[in-house]
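Worksheet: one structure, shown below.
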Amino acid sequence: MSEREIRVGVLGAARGAHLAALAASLPGVRVVAGCDRLPERLEAFQGRFPAARAVADWEDLLAVPFDVLILASDCPDHGPQAVAALEAGKHVLSEVTAFHTPAEGVALVEAVEGTGRLYMMAENTCYRARAGEARRLVAAGELGEFVYGQCEYIHDIRRLMQGADGSPHWRGWLPPVYYTSHPLGEMLSIVDARPVSVSGLAVGGKMEGSPNPMDLGAMLVRLDNGGLVHVVASFAAARDSQWLAIYGTRGMLEADRWGDGATLRLRREGAGKTSGHEPSAVVAPAAPTAEEARAGHGGSDYHPVRLFVQAVAEGTPPPMDVYTACDYTLPGIMAYRSSCRWGVPLEVPDLRDPAARDRYRGDDARPAREGAGE
């Protein structure tokens, strides 16, 4: 890494403070500012980083001199805030998802290209130990050619659909398929492909204790390698699961569905082509290092922060750049739109292409917030 000090500012002092602490544990990194609209969060941030400046106003934060913004505010606000920070000369490490509409995605891509600042989405699932093992197996040809994948983000967060004071929260109205960069990002990183089209359907209004009009959404994503991925998402189903399975022409693997979720089972095609009856090989990922274990989410939080700080220090592209962030974010947006049209397949635009940007530059349609404040 460079010997130059890297100064960090934080927007969103809850999750953001956790990521900032990981950054501050790295050599040459100092947290200098934090911003949150809630006084109690800002006070807690100040207690954790006493030398940092604490501000309640977003514009005041941008005026503070620092190098890297850790963007951990409300999910629907990430796109415009990232653009503003890039234009203010900051590098941006953004929590998921990257943006909320295709037009915001276009603006984000062009802000990164226009400013020359670095941007990375901190999709931690791609840095799970199981994801690394699965990438190794797929790259080695253990499964043959990719055919089909299944993945899910089932996370019962009804308790988080209101603020502490009873006020509505974005989790109470955001369509769950919008928040599918966790399962789909991990899958795409494993099979090394990008989405080209998506069809979505949803059910809603049945889960007790949930104000969200969509209880569960499902989408079928066509990839540029010809394969399909089926994704299920819910904020209210009575389970916490980020299970996945991958099918290839010569074998399949899947995560342990009822165990720790990290162990993989691999089934290869046998000599007699009776792979469906062959015993499974068990692949146990390596235990997390001390740094990973302290980071949370099974160690996966540590790596996006470390890799982005390294990219900034060395002036090199981050491993999950703005175009990858678009590939992980856009399918959920388009799946919601598809679900509103009874599952009609829709394009997932590739925002690397200027012609695709022009098609979606003015597309700022979004789900209704149902009167919810944030």
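In the structure tokens, each chain is lettered A, B, ... as it comes, each chain's residues begin at 1, and ligands are numbered from 1 in order of appearance.
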
Open item on the list: Just list as a PyMOL selection string whatever in segment 91-226 of chain A DSSP marks as alpha helix (DSSP H).
Closed with: chain A and resi 102-115+129-139+181-191

Open item on the list: Can you tell me which residues surround Arg171 of chain A at a distance of at most 9 Å, considering only C-alpha atoms, apart from same-chain residues fewer than 4 positions away, and format the answer as a PyMOL selection string?
Closed with: chain A and resi 75+157-158+160-162+175-176+212+235

TODO: Could you give me, as a VMD selection string, the residues within 8 Å of Ile246 of chain A, counting only C-alpha atoms and dropping anything in the same chain fewer than 2 positions from it?
DONE: chain A and resid 146 to 150 244 248 252 to 254

Using only C-alpha atoms, what table do you get, as a tab-separated table, when you list each residue of segment 199-273 of chain A with an atom no more than 6 Å from segment 278-287 of chain A, its nearest pair of atoms, and their distance in Å rounded to one decimal, rows by chain then rising number?
residue	atom	partner	partner_atom	distance
A:Thr263	CA	A:Ala284	CA	4.8
A:Leu264	CA	A:Val283	CA	5.0
A:Arg265	CA	A:Val282	CA	4.7
A:Leu266	CA	A:Ala281	CA	5.0
A:Arg267	CA	A:Ser280	CA	4.8

TODO: Name all residues at most 10 Å from Leu307 of chain A (count only C-alpha atoms; drop same-chain ones fewer than 4 positions away) and give them as a list in words.
DONE: Met120, Ala122, Tyr302, His303, Ala311, Val312, Ala313, Pro317, Pro318, Pro319 and Met320 of chain A

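Restricting the calculation to only C-alpha atoms, the smallest distance between His230 of chain A and any of A:Ser181, A:Thr101, A:Ser199, A:Ser189 is found for A:Ser199.
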
Task: Contacts of Gly261 of chain A at 12 Å (only C-alpha atoms; same-chain gap of 4+ positions) as a ChimeraX atom specification - done: /A:128-131,151-152,240-245,254-257,265,283-285,297-298

TODO: Write out as a ChimeraX atom specification each polymer residue whose atoms come within 10 Å of Gly34 of chain A, counting only C-alpha atoms; drop sequence neighbours fewer than 5 positions from it.
DONE: /A:8-13,16-17,20,41-42,45-46,49,52-58,61,64,69-70

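Using only C-alpha atoms, the nearest neighbour of Cys126 of chain A within the list A:Thr316, A:Thr249, A:Ser300, A:Ser234 is A:Ser300.
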
- [ ] Run DSSP on the backbone of this structure and report the residues of segment 22-232 of chain A it assigns to strand (DSSP E), as number ranges by chain.
- [x] A: 29-35, 53-55, 68-71, 91-94, 119-121, 146-155, 195-203, 216-223, 228-232

TODO: Using only C-alpha atoms, find the one residue out of A:Pro183, A:Pro367, A:Gly217, A:Pro50 that sits nearest to Ala233 of chain A.
DONE: A:Gly217

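Take atom CA of Ala325 of chain A and atom CA of Val198 of chain A: the distance between them is 16.7 Å.
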
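The residue that comes closest to Arg159 of chain A, out of A:Glu95, A:Asp363, A:Glu208, A:Asp353 and on the basis of only C-alpha atoms, is A:Glu208.
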
- [ ] Skip Glu142 of chain A itself and residues of its chain fewer than 5 positions away, then list as a ChimeraX atom specification all residues within 8 Å of it, counting only C-alpha atoms.
- [x] /A:137,250-251,268

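Closest approach to Ala23 of chain A among A:Leu93, A:Gly227, A:Ser167, A:Cys35: A:Leu93, based on only C-alpha atoms.
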
Task: Counting only C-alpha atoms, the residue of A:Asp215, A:Asp321, A:Asp327, A:Glu291 that sits nearest Met121 of chain A - done: A:Asp321

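Atom CA of Glu314 of chain A lies 28.5 Å from atom CA of Met187 of chain A.
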